[in-house]
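Trainee: The structure is given below, and queries will be raised subsequently.
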Amino acid sequence: MIRFTNINKVYKPTTHALVGVSFHVKPGEFVSIVGSSGSGKSTLAKLLFAEERPTSGKIVVGDWDITQIHRSEIPTLRRQIGVVFQDFKLLGRKTVYENVAFALEVAGAANARIKEVVPQVLKIVGLGDKHGRYPNQLSGGEQQRVSIARALVHRPKIIVADEPTGNLDTVTSREIIELLKKINEFGTTVVLVTHDRDIVNALKKRVLTINNGKIVSDVEHGKYMLG
Amino acid sequence: MRTILRVIKFTGQSLWRNAWLSLITLTIFVLTLMTVNAVLLVNVVTSSAIKAVQNEVQVAVYFVPGTSEATEKAVRGYLLGLSQVKTVEVITAEQALQNFKDKNAGDPTVLAALDEVGGNPFGDAVVVSAKSPDDFAFIIEAIKTPEFAPSIKQTDYTDYQVVIEKLTSFTDKLRLAGLVLAGFFGLISMLIIFNAIRIAIYVHRDEITIMKLVGAQDWFIRAPFLLEAVLLSLLATIIMTGVVLASTKALDVPLMQYFGQANLSLWGYFTSNALVIFGGEFVGLAVLSVLTTVFAIRKHLRV
Ligand SMILES: Nc1ncnc2c1ncn2[C@@H]1O[C@H](COP(=O)(O)OP(=O)(O)OP(=O)(O)O)[C@@H](O)[C@H]1O
Ligand SMILES: [Mg+2]
């Protein structure tokens, strides 16, 4: 599903964010990417949805070599990869429903499809009864659920979550991770970037550890290796 | 179609959210168009005034009383033979006397003086119109030919040429000033639309980020800003069209009275050339603002 081959990423002038990174993620896998701050985790995630381009190496998503992806093809890629961030990135002037619908609207989906899909994904994330709330009327965990719902509207093959629990307390974090696990069980490949040791240990899924831009370990049913 | 409707919706939201900025942009657009229309207006008024003056440029040639019919005919033929001459109108001595009496009907002393003289002091005359005011000097010289000189008492003409030259140089200056002003407002328009779009991009930065992340196409993200520029141009043109039509309609009658000319209808001018004038203004303004917007997007919207 995802294949990185010998990826190097250099931010100008001299930051070597990723050095010779190679790995493969199979369809339906749940992979955690861990590492200390500045180790290159977010960079890796950004390469996946073409927010950044590799300096060298090759990236394949599905059957698609996105290494030299053309700007005009990026929207197509992003409809196949749902993204979730630490800061939720919700629009404060829009309701829960509108925030989720927005992703479909701007991608040109039919109104009928929007009416069908939005309630579905909101139900999946457990917000079926909060369509009309505004983000500031929601808890952090609920806001993150909205952003996960939004990531699901295009029925993506992959979800990339960059520290989705970074702003949440332990209990809420666990709930969000449970939600991601549920989504993964439906068949979606999940790439989770985190440095929360407890989460990784509880997950008992594959763990890729990065340090200084290099993959230092890759274990099935792994544990947090650093610190 | 659906996406076009959404682009329109987003554009409307953007205009509304930055209502003040939209209003300022609109105002400066209207001002730009106003100066352009003022230049047009000055053009129409002065060119029709000049035409009016030109039409009145005539040389009157008075014959010595008692000049023979044959000589007069020869002079007329001679004048009509000149390529610079447009028309030659005959005023007989009787007509001249009558005209003089009519003109001075309210002045008993003049009429009394006329009686004193007795008979008709006037001779026949011809009134010559030239094709162009530039030709008058030539016509006046031509009439001085020795062949006819003894029969001609007097030639009389008003030196409209000087008036026209003054008028032309004045309106040229006025037009230049208008164009400079229009250029100035055009420049300000570009600066303002540039900043308006920059601010609109800033205000929508969160939406733009999210749009990009959820796979909106570049054109869809850009289109509302371009449409905003076009819509503001259109709105400014509509407002200005209304103002121009209303004010020329109101001005027409007093202007016609002032110039004493039925053919000077500003309203008529603007309505019969409406498509060219207002259409052209819209296209010009839209092109200007869209180009500026493209520039602002290039600079500030990293898609
Ligand atoms: N746009 C950028 N320009 C220049 N350097 C950058 C840029 N983005 C990241 N870096 C640098 O690349 C390195 C890796 O950054 P990255 O964001 O991938 O780290 P991270 O593992 O996500 O860290 P954190 O856990 O703090 O989020 C850091 O040294 C960072 O300063
Ligand atoms: Mg990071």
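A note on labels: chains of the structure tokens are A, B, ... as shown, every chain counts residues from 1, and ligands are counted from 1 in their shown order.
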Mind listing as a PyMOL selection string which residues of chain B are within 12 Å of chain A, counting only C-alpha atoms?

Mentor: chain B and resi 1-7+9-10+13+17+203-224+302-303

Trainee: Go ahead and dump the residues you just picked, N, CA and C atoms, as an mmCIF file, in the first residue's frame.

Mentor:
data_model
loop_
_atom_site.group_PDB
_atom_site.id
_atom_site.type_symbol
_atom_site.label_atom_id
_atom_site.label_comp_id
_atom_site.auth_asym_id
_atom_site.auth_seq_id
_atom_site.Cartn_x
_atom_site.Cartn_y
_atom_site.Cartn_z
ATOM 1 N N MET B 1 -21.237 22.454 -13.112
ATOM 2 C CA MET B 1 -22.321 23.375 -12.751
ATOM 3 C C MET B 1 -22.412 23.531 -11.237
ATOM 4 N N ARG B 2 -22.443 22.357 -10.594
ATOM 5 C CA ARG B 2 -22.495 22.317 -9.138
ATOM 6 C C ARG B 2 -21.303 23.068 -8.555
ATOM 7 N N THR B 3 -20.105 22.764 -9.108
ATOM 8 C CA THR B 3 -18.912 23.397 -8.552
ATOM 9 C C THR B 3 -18.927 24.895 -8.840
ATOM 10 N N ILE B 4 -19.499 25.268 -10.002
ATOM 11 C CA ILE B 4 -19.578 26.693 -10.312
ATOM 12 C C ILE B 4 -20.460 27.396 -9.288
ATOM 13 N N LEU B 5 -21.585 26.759 -8.952
ATOM 14 C CA LEU B 5 -22.466 27.330 -7.930
ATOM 15 C C LEU B 5 -21.726 27.477 -6.601
ATOM 16 N N ARG B 6 -20.911 26.471 -6.291
ATOM 17 C CA ARG B 6 -20.171 26.549 -5.022
ATOM 18 C C ARG B 6 -19.131 27.662 -5.049
ATOM 19 N N VAL B 7 -18.491 27.806 -6.201
ATOM 20 C CA VAL B 7 -17.524 28.905 -6.334
ATOM 21 C C VAL B 7 -18.236 30.236 -6.101
ATOM 22 N N LYS B 9 -20.941 30.705 -4.408
ATOM 23 C CA LYS B 9 -21.300 30.785 -2.986
ATOM 24 C C LYS B 9 -20.105 31.264 -2.155
ATOM 25 N N PHE B 10 -18.949 30.660 -2.399
ATOM 26 C CA PHE B 10 -17.756 31.044 -1.644
ATOM 27 C C PHE B 10 -17.387 32.499 -1.921
ATOM 28 N N GLN B 13 -19.655 34.727 0.023
ATOM 29 C CA GLN B 13 -19.268 34.741 1.433
ATOM 30 C C GLN B 13 -18.051 35.626 1.647
ATOM 31 N N ARG B 17 -17.958 38.808 3.948
ATOM 32 C CA ARG B 17 -17.140 38.802 5.150
ATOM 33 C C ARG B 17 -16.184 39.983 5.185
ATOM 34 N N VAL B 203 -7.657 36.099 5.257
ATOM 35 C CA VAL B 203 -8.856 35.783 6.026
ATOM 36 C C VAL B 203 -9.269 34.329 5.817
ATOM 37 N N HIS B 204 -9.031 33.828 4.610
ATOM 38 C CA HIS B 204 -9.468 32.472 4.301
ATOM 39 C C HIS B 204 -8.343 31.450 4.419
ATOM 40 N N ARG B 205 -7.270 31.805 5.123
ATOM 41 C CA ARG B 205 -6.127 30.894 5.113
ATOM 42 C C ARG B 205 -6.478 29.511 5.658
ATOM 43 N N ASP B 206 -7.342 29.467 6.699
ATOM 44 C CA ASP B 206 -7.708 28.167 7.267
ATOM 45 C C ASP B 206 -8.485 27.325 6.262
ATOM 46 N N GLU B 207 -9.480 27.974 5.642
ATOM 47 C CA GLU B 207 -10.253 27.260 4.617
ATOM 48 C C GLU B 207 -9.344 26.752 3.514
ATOM 49 N N ILE B 208 -8.416 27.623 3.105
ATOM 50 C CA ILE B 208 -7.537 27.254 1.992
ATOM 51 C C ILE B 208 -6.686 26.059 2.374
ATOM 52 N N THR B 209 -6.126 26.085 3.604
ATOM 53 C CA THR B 209 -5.330 24.950 4.073
ATOM 54 C C THR B 209 -6.160 23.674 4.027
ATOM 55 N N ILE B 210 -7.379 23.776 4.555
ATOM 56 C CA ILE B 210 -8.219 22.578 4.619
ATOM 57 C C ILE B 210 -8.614 22.117 3.227
ATOM 58 N N MET B 211 -8.972 23.072 2.382
ATOM 59 C CA MET B 211 -9.322 22.700 1.005
ATOM 60 C C MET B 211 -8.199 21.892 0.371
ATOM 61 N N LYS B 212 -6.979 22.387 0.566
ATOM 62 C CA LYS B 212 -5.852 21.697 -0.048
ATOM 63 C C LYS B 212 -5.720 20.287 0.526
ATOM 64 N N LEU B 213 -5.904 20.180 1.853
ATOM 65 C CA LEU B 213 -5.706 18.880 2.490
ATOM 66 C C LEU B 213 -6.771 17.873 2.094
ATOM 67 N N VAL B 214 -7.977 18.344 1.814
ATOM 68 C CA VAL B 214 -9.031 17.387 1.493
ATOM 69 C C VAL B 214 -9.185 17.190 -0.011
ATOM 70 N N GLY B 215 -8.232 17.738 -0.776
ATOM 71 C CA GLY B 215 -8.228 17.412 -2.199
ATOM 72 C C GLY B 215 -9.063 18.302 -3.084
ATOM 73 N N ALA B 216 -9.193 19.592 -2.720
ATOM 74 C CA ALA B 216 -9.837 20.527 -3.656
ATOM 75 C C ALA B 216 -8.835 20.873 -4.741
ATOM 76 N N GLN B 217 -9.347 21.069 -5.953
ATOM 77 C CA GLN B 217 -8.430 21.393 -7.041
ATOM 78 C C GLN B 217 -8.006 22.863 -6.974
ATOM 79 N N ASP B 218 -6.823 23.110 -7.522
ATOM 80 C CA ASP B 218 -6.262 24.469 -7.485
ATOM 81 C C ASP B 218 -7.238 25.508 -8.017
ATOM 82 N N TRP B 219 -7.821 25.200 -9.171
ATOM 83 C CA TRP B 219 -8.692 26.196 -9.805
ATOM 84 C C TRP B 219 -9.879 26.513 -8.903
ATOM 85 N N PHE B 220 -10.348 25.495 -8.179
ATOM 86 C CA PHE B 220 -11.492 25.704 -7.304
ATOM 87 C C PHE B 220 -11.127 26.637 -6.154
ATOM 88 N N ILE B 221 -9.880 26.512 -5.691
ATOM 89 C CA ILE B 221 -9.427 27.383 -4.604
ATOM 90 C C ILE B 221 -9.233 28.804 -5.115
ATOM 91 N N ARG B 222 -8.742 28.926 -6.353
ATOM 92 C CA ARG B 222 -8.435 30.254 -6.886
ATOM 93 C C ARG B 222 -9.663 30.973 -7.420
ATOM 94 N N ALA B 223 -10.577 30.194 -7.989
ATOM 95 C CA ALA B 223 -11.693 30.798 -8.719
ATOM 96 C C ALA B 223 -12.461 31.872 -7.933
ATOM 97 N N PRO B 224 -12.760 31.637 -6.642
ATOM 98 C CA PRO B 224 -13.532 32.671 -5.936
ATOM 99 C C PRO B 224 -12.843 34.036 -5.928
ATOM 100 N N ARG B 302 -0.140 30.062 -1.794
ATOM 101 C CA ARG B 302 0.717 28.954 -2.194
ATOM 102 C C ARG B 302 -0.136 27.709 -2.310
ATOM 103 N N VAL B 303 -0.576 27.439 -3.508
ATOM 104 C CA VAL B 303 -1.390 26.226 -3.665
ATOM 105 C C VAL B 303 -0.509 25.060 -4.063
#

Trainee: When the cut-off is 6 Å and you count only C-alpha atoms and all ligand atoms, which residues lie near ligand 1, shown as a ChimeraX atom specification?

Mentor: /A:11,15,17,36-43

Trainee: Report, in Å with one decimal, the straight-line distance from atom CA of A:His195 to atom CA of A:Ile215.

Mentor: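 Answer for the atom CA of A:His195 to atom CA of A:Ile215 separation: 14.7 Å.
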
Trainee: When you draw a straight line from atom CA of A:Phe186 to atom CA of A:Met1, how long is it in Å?

Mentor: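 Between these atoms lies a distance of 15.6 Å.
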
Trainee: Among stretch 53-289 of chain B, which residues does DSSP mark as helix (DSSP H, G or I) when it is run on the backbone? Keep the chain and numbering as in the structure and answer as an MDAnalysis selection string.

Mentor: chainID B and resid 53:56 69:81 93:103 108:117 133:143 149:151 160:203 205:213 218:259 266:272 274:289

Trainee: Skip B:Lys249 itself and residues of its chain fewer than 6 positions away, then list as an NGL selection string all residues within 10 Å of it, counting only C-alpha atoms.

Mentor: :B and (243 or 265-268 or 270-271)

Trainee: Distance atom CA of A:Leu122-atom CA of A:Val171, one decimal place?

Mentor: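 It comes out at 20.6 Å.
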
Trainee: Of the candidates A:Gly140, A:Gly132, A:Pro13, A:Gly126, which shows the shortest atom-to-atom distance to A:Glu178, using only C-alpha atoms?

Mentor: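 That would be A:Gly126, the residue with the smallest distance to A:Glu178.
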
Trainee: So that I can see what lies close to A:Lys214, please list as an MDAnalysis selection string the residues with an atom at most 10 Å from it, counting only C-alpha atoms and leaving out residues fewer than 2 positions away in the same chain.

Mentor: chainID A and resid 7:8 16:22 35 39:40 209:212 216:217

Trainee: Can you list, as a ChimeraX atom specification, every protein, DNA or RNA residue that comes within 12 Å of B:Ile188 when you count only C-alpha atoms, leaving out same-chain residues fewer than 3 positions away?

Mentor: /B:24-32,181-185,191-196,288-289,292

Trainee: Keeping N, CA, C and O atoms, export the residues of the selection given above as an mmCIF file, in the first residue's frame.

Mentor:
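Below is the file that was written, selection.cif:
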data_model
loop_
_atom_site.group_PDB
_atom_site.id
_atom_site.type_symbol
_atom_site.label_atom_id
_atom_site.label_comp_id
_atom_site.auth_asym_id
_atom_site.auth_seq_id
_atom_site.Cartn_x
_atom_site.Cartn_y
_atom_site.Cartn_z
ATOM 1 N N ILE B 24 -14.706 49.510 -0.348
ATOM 2 C CA ILE B 24 -13.609 50.414 -0.717
ATOM 3 C C ILE B 24 -13.138 50.104 -2.134
ATOM 4 O O ILE B 24 -12.947 51.001 -2.957
ATOM 5 N N THR B 25 -12.981 48.825 -2.401
ATOM 6 C CA THR B 25 -12.553 48.424 -3.741
ATOM 7 C C THR B 25 -13.556 48.914 -4.780
ATOM 8 O O THR B 25 -13.184 49.491 -5.808
ATOM 9 N N LEU B 26 -14.819 48.700 -4.456
ATOM 10 C CA LEU B 26 -15.880 49.116 -5.370
ATOM 11 C C LEU B 26 -15.817 50.621 -5.610
ATOM 12 O O LEU B 26 -15.921 51.096 -6.745
ATOM 13 N N THR B 27 -15.626 51.373 -4.523
ATOM 14 C CA THR B 27 -15.588 52.833 -4.629
ATOM 15 C C THR B 27 -14.472 53.288 -5.557
ATOM 16 O O THR B 27 -14.683 54.119 -6.442
ATOM 17 N N ILE B 28 -13.316 52.729 -5.385
ATOM 18 C CA ILE B 28 -12.192 53.177 -6.205
ATOM 19 C C ILE B 28 -12.395 52.737 -7.654
ATOM 20 O O ILE B 28 -12.040 53.456 -8.592
ATOM 21 N N PHE B 29 -13.024 51.597 -7.849
ATOM 22 C CA PHE B 29 -13.360 51.166 -9.210
ATOM 23 C C PHE B 29 -14.302 52.180 -9.852
ATOM 24 O O PHE B 29 -14.131 52.568 -11.010
ATOM 25 N N VAL B 30 -15.310 52.572 -9.078
ATOM 26 C CA VAL B 30 -16.290 53.528 -9.602
ATOM 27 C C VAL B 30 -15.597 54.846 -9.942
ATOM 28 O O VAL B 30 -15.842 55.436 -11.001
ATOM 29 N N LEU B 31 -14.700 55.285 -9.061
ATOM 30 C CA LEU B 31 -13.975 56.535 -9.328
ATOM 31 C C LEU B 31 -13.166 56.433 -10.617
ATOM 32 O O LEU B 31 -13.122 57.371 -11.417
ATOM 33 N N THR B 32 -12.529 55.307 -10.803
ATOM 34 C CA THR B 32 -11.751 55.112 -12.031
ATOM 35 C C THR B 32 -12.649 55.256 -13.261
ATOM 36 O O THR B 32 -12.325 55.980 -14.200
ATOM 37 N N LEU B 181 -5.594 61.472 -14.730
ATOM 38 C CA LEU B 181 -6.375 61.161 -13.535
ATOM 39 C C LEU B 181 -6.902 59.729 -13.606
ATOM 40 O O LEU B 181 -6.845 58.983 -12.621
ATOM 41 N N ALA B 182 -7.392 59.344 -14.779
ATOM 42 C CA ALA B 182 -7.908 57.981 -14.953
ATOM 43 C C ALA B 182 -6.793 56.962 -14.726
ATOM 44 O O ALA B 182 -6.986 55.951 -14.059
ATOM 45 N N GLY B 183 -5.619 57.271 -15.266
ATOM 46 C CA GLY B 183 -4.479 56.383 -15.057
ATOM 47 C C GLY B 183 -4.122 56.270 -13.583
ATOM 48 O O GLY B 183 -3.856 55.190 -13.069
ATOM 49 N N PHE B 184 -4.190 57.413 -12.922
ATOM 50 C CA PHE B 184 -3.876 57.453 -11.500
ATOM 51 C C PHE B 184 -4.862 56.588 -10.711
ATOM 52 O O PHE B 184 -4.472 55.740 -9.910
ATOM 53 N N PHE B 185 -6.153 56.790 -10.996
ATOM 54 C CA PHE B 185 -7.154 55.981 -10.305
ATOM 55 C C PHE B 185 -7.022 54.517 -10.682
ATOM 56 O O PHE B 185 -7.243 53.625 -9.861
ATOM 57 N N LEU B 191 -3.692 48.698 -6.884
ATOM 58 C CA LEU B 191 -3.116 48.536 -5.551
ATOM 59 C C LEU B 191 -4.170 48.037 -4.574
ATOM 60 O O LEU B 191 -3.925 47.143 -3.769
ATOM 61 N N ILE B 192 -5.363 48.614 -4.684
ATOM 62 C CA ILE B 192 -6.398 48.258 -3.720
ATOM 63 C C ILE B 192 -6.904 46.845 -3.952
ATOM 64 O O ILE B 192 -7.050 46.071 -3.002
ATOM 65 N N ILE B 193 -7.121 46.484 -5.199
ATOM 66 C CA ILE B 193 -7.611 45.114 -5.436
ATOM 67 C C ILE B 193 -6.526 44.114 -5.041
ATOM 68 O O ILE B 193 -6.805 43.068 -4.471
ATOM 69 N N PHE B 194 -5.274 44.487 -5.286
ATOM 70 C CA PHE B 194 -4.177 43.600 -4.883
ATOM 71 C C PHE B 194 -4.227 43.330 -3.387
ATOM 72 O O PHE B 194 -4.169 42.198 -2.930
ATOM 73 N N ASN B 195 -4.394 44.418 -2.632
ATOM 74 C CA ASN B 195 -4.429 44.248 -1.181
ATOM 75 C C ASN B 195 -5.716 43.586 -0.716
ATOM 76 O O ASN B 195 -5.708 42.816 0.237
ATOM 77 N N ALA B 196 -6.814 43.890 -1.395
ATOM 78 C CA ALA B 196 -8.080 43.260 -1.035
ATOM 79 C C ALA B 196 -7.974 41.745 -1.190
ATOM 80 O O ALA B 196 -8.401 40.990 -0.322
ATOM 81 N N LEU B 288 -7.984 44.409 -15.914
ATOM 82 C CA LEU B 288 -7.047 45.022 -14.978
ATOM 83 C C LEU B 288 -7.094 44.323 -13.622
ATOM 84 O O LEU B 288 -6.070 43.944 -13.056
ATOM 85 N N SER B 289 -8.310 44.126 -13.100
ATOM 86 C CA SER B 289 -8.408 43.584 -11.749
ATOM 87 C C SER B 289 -8.104 42.088 -11.719
ATOM 88 O O SER B 289 -7.520 41.597 -10.749
ATOM 89 N N THR B 292 -4.359 41.735 -11.805
ATOM 90 C CA THR B 292 -3.806 42.063 -10.491
ATOM 91 C C THR B 292 -4.071 40.933 -9.505
ATOM 92 O O THR B 292 -3.218 40.585 -8.686
#

Trainee: Using only C-alpha atoms, determine which residues lie at most 10 Å from stretch 62-72 of chain B, disregarding the query and same-chain residues fewer than 6 positions distant; provide the list as a VMD selection string.

Mentor: chain B and resid 78 90 to 93 120 to 127 147 to 156
